[in-house]
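Chemist: Handing you a structure now.
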Amino acid sequence: MLKFRSKQIVVTILVIAISGLFVLTGCQNDGQTIPAYKPVASPPVEATIDQLLSDYISDEVAADAKYKDLRLLFTDVEVEEVKVNLIEDYDIPIIHIVSNGIEFRPKYNMDTSSIREGFVVDIIGEVYGWFGVSDKYMILNNCWFKIIESDSGAVLDLEDLY
């Protein structure tokens with residue numbers, strides 16, 4: 001007959017072995033399915049600033065129907081001005097990039113911290129609104145910027161990300 005100490009060891013080993021079997025068989029799942037691919041958003045439509053402005057100048061209603069809330073890609077845009085507005089309560093800079101009468105408002109302000117006047121950038125943004133033929137002023141929201149050329153020359157070592 002086994003002594004009390006030996007019985008304790010045998011019972012402990014059996015409990016651990018049975019618990020291990022339950023854990024191992026309970027975690028096994030052969031019925032996994034791969035989810036279907038869904039793109040996050042449609043790719044942006046390539047446009048030029050001149051084309052966008054001329055469409056709005058010629059027929060604002062038709063251009064609004066064509067471009068409103070559409071994601072557009074502008075390539076090789078030279079930054080004419082970097083506007084910085086401060087939120088009074090928090091003293092947080094809100095940076096807007098201006099080129100040819102279009103104000104590009106960033107999706108995330110940190111994306112514009114290294115952009116200066118004279119830089120050449122690619123921009124993806126959504127048309128927010130047109131504010132008059134006389135002013136030729138337009139706003140694009142949720143913009144993403146990629147620096148193509150800075151004051152020190154072409155930027156070749158950055159990742160190809162927006």
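Scheme for the structure tokens: letters A, B, ... for chains in order shown; per-chain residue numbers from 1; ligand numbers from 1 in order shown.
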Give me the residues near region 142-145 of chain A as a ChimeraX atom specification, where near means some atom within 7 Å (using only C-alpha atoms) and where sequence neighbours in that chain fewer than 5 positions away do not count.

Modeler: /A:104-107,111,121-126,162

Chemist: Show which residues sit within 12 Å of Asp50 (chain A), as JSON, numbers by chain. Count only C-alpha atoms, and ignore same-chain residues fewer than 6 positions away.

Modeler: {"A": [56, 57, 74, 77, 99, 100, 101, 102, 136]}

Chemist: Let's have the selection written as a PDB file, in the first residue's frame, with N, CA and C atoms.

Modeler:
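File produced: part-v9.pdb:
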```
ATOM      1  N   TYR A  56     -14.354  74.983 -60.327  1.00  0.00           N
ATOM      2  CA  TYR A  56     -15.188  75.744 -59.393  1.00  0.00           C
ATOM      3  C   TYR A  56     -15.502  77.144 -59.915  1.00  0.00           C
ATOM      4  N   ILE A  57     -14.574  77.758 -60.616  1.00  0.00           N
ATOM      5  CA  ILE A  57     -14.828  79.093 -61.173  1.00  0.00           C
ATOM      6  C   ILE A  57     -15.872  79.021 -62.271  1.00  0.00           C
ATOM      7  N   PHE A  74      -2.902  65.509 -54.924  1.00  0.00           N
ATOM      8  CA  PHE A  74      -2.200  66.581 -55.632  1.00  0.00           C
ATOM      9  C   PHE A  74      -0.712  66.284 -55.528  1.00  0.00           C
ATOM     10  N   VAL A  77       3.154  69.875 -55.189  1.00  0.00           N
ATOM     11  CA  VAL A  77       2.577  71.157 -54.793  1.00  0.00           C
ATOM     12  C   VAL A  77       3.637  71.946 -54.028  1.00  0.00           C
ATOM     13  N   SER A  99      -1.484  76.946 -50.807  1.00  0.00           N
ATOM     14  CA  SER A  99      -0.873  76.986 -52.127  1.00  0.00           C
ATOM     15  C   SER A  99      -1.933  77.360 -53.150  1.00  0.00           C
ATOM     16  N   ASN A 100      -1.680  78.392 -53.921  1.00  0.00           N
ATOM     17  CA  ASN A 100      -2.573  78.861 -54.991  1.00  0.00           C
ATOM     18  C   ASN A 100      -4.002  79.088 -54.513  1.00  0.00           C
ATOM     19  N   GLY A 101      -4.174  79.598 -53.316  1.00  0.00           N
ATOM     20  CA  GLY A 101      -5.510  79.899 -52.819  1.00  0.00           C
ATOM     21  C   GLY A 101      -6.242  78.704 -52.240  1.00  0.00           C
ATOM     22  N   ILE A 102      -5.581  77.586 -52.094  1.00  0.00           N
ATOM     23  CA  ILE A 102      -6.198  76.420 -51.464  1.00  0.00           C
ATOM     24  C   ILE A 102      -5.510  76.190 -50.132  1.00  0.00           C
ATOM     25  N   LYS A 136     -11.141  83.152 -54.827  1.00  0.00           N
ATOM     26  CA  LYS A 136     -10.520  81.900 -55.272  1.00  0.00           C
ATOM     27  C   LYS A 136      -9.933  81.158 -54.067  1.00  0.00           C
TER      28      LYS A 136
END
```

Chemist: One number please: CA of Tyr108 (chain A) to CA of Leu52 (chain A), in Å, one decimal.

Modeler: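 It comes out at 23.7 Å.
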
Chemist: Work out how far apart CA of Leu73 (chain A) and CA of Thr48 (chain A) are and give it in Å to one decimal.

Modeler: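 Between these atoms lies a distance of 8.0 Å.
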
Chemist: Taking only C-alpha atoms into account, which of A:Asn109, A:Thr12, A:Ser54, A:Ser150 comes nearest Tyr137 (chain A)?

Modeler: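 Of the candidates, the smallest distance to Tyr137 (chain A) is held by A:Ser54.
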
Chemist: To one decimal place in Å, what is the distance between CA of Phe119 (chain A) and CA of Pro43 (chain A)?

Modeler: 24.4 Å

Chemist: Would you pick out the contacts of region 63-66 of chain A at 12 Å or less, using only C-alpha atoms, so that residues sharing its chain but fewer than 5 positions from it are not included, and give the list as a list in words?

Modeler: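 Non-adjacent residues within range: Val45, Ala47, Gln51, Leu52, Leu53, Ser54, Asp55, Tyr56, Ile57, Ser58, Arg71, Leu72, Glu126, Val127, Tyr128, Gly129, Trp130, Phe131 and Met138 of chain A.
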
Chemist: With only C-alpha atoms as the atoms that count, which of A:Glu117, A:Val15, A:Glu103, A:Gln8 lies nearest to Glu78 (chain A)?

Modeler: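 Nearest candidate to Glu78 (chain A) out of A:Glu117, A:Val15, A:Glu103, A:Gln8: A:Glu117.
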
Chemist: Between A:Thr75, A:Val82, A:Glu149, A:Leu140, which one has atoms that come closest to Thr112 (chain A), using only C-alpha atoms?

Modeler: A:Val82
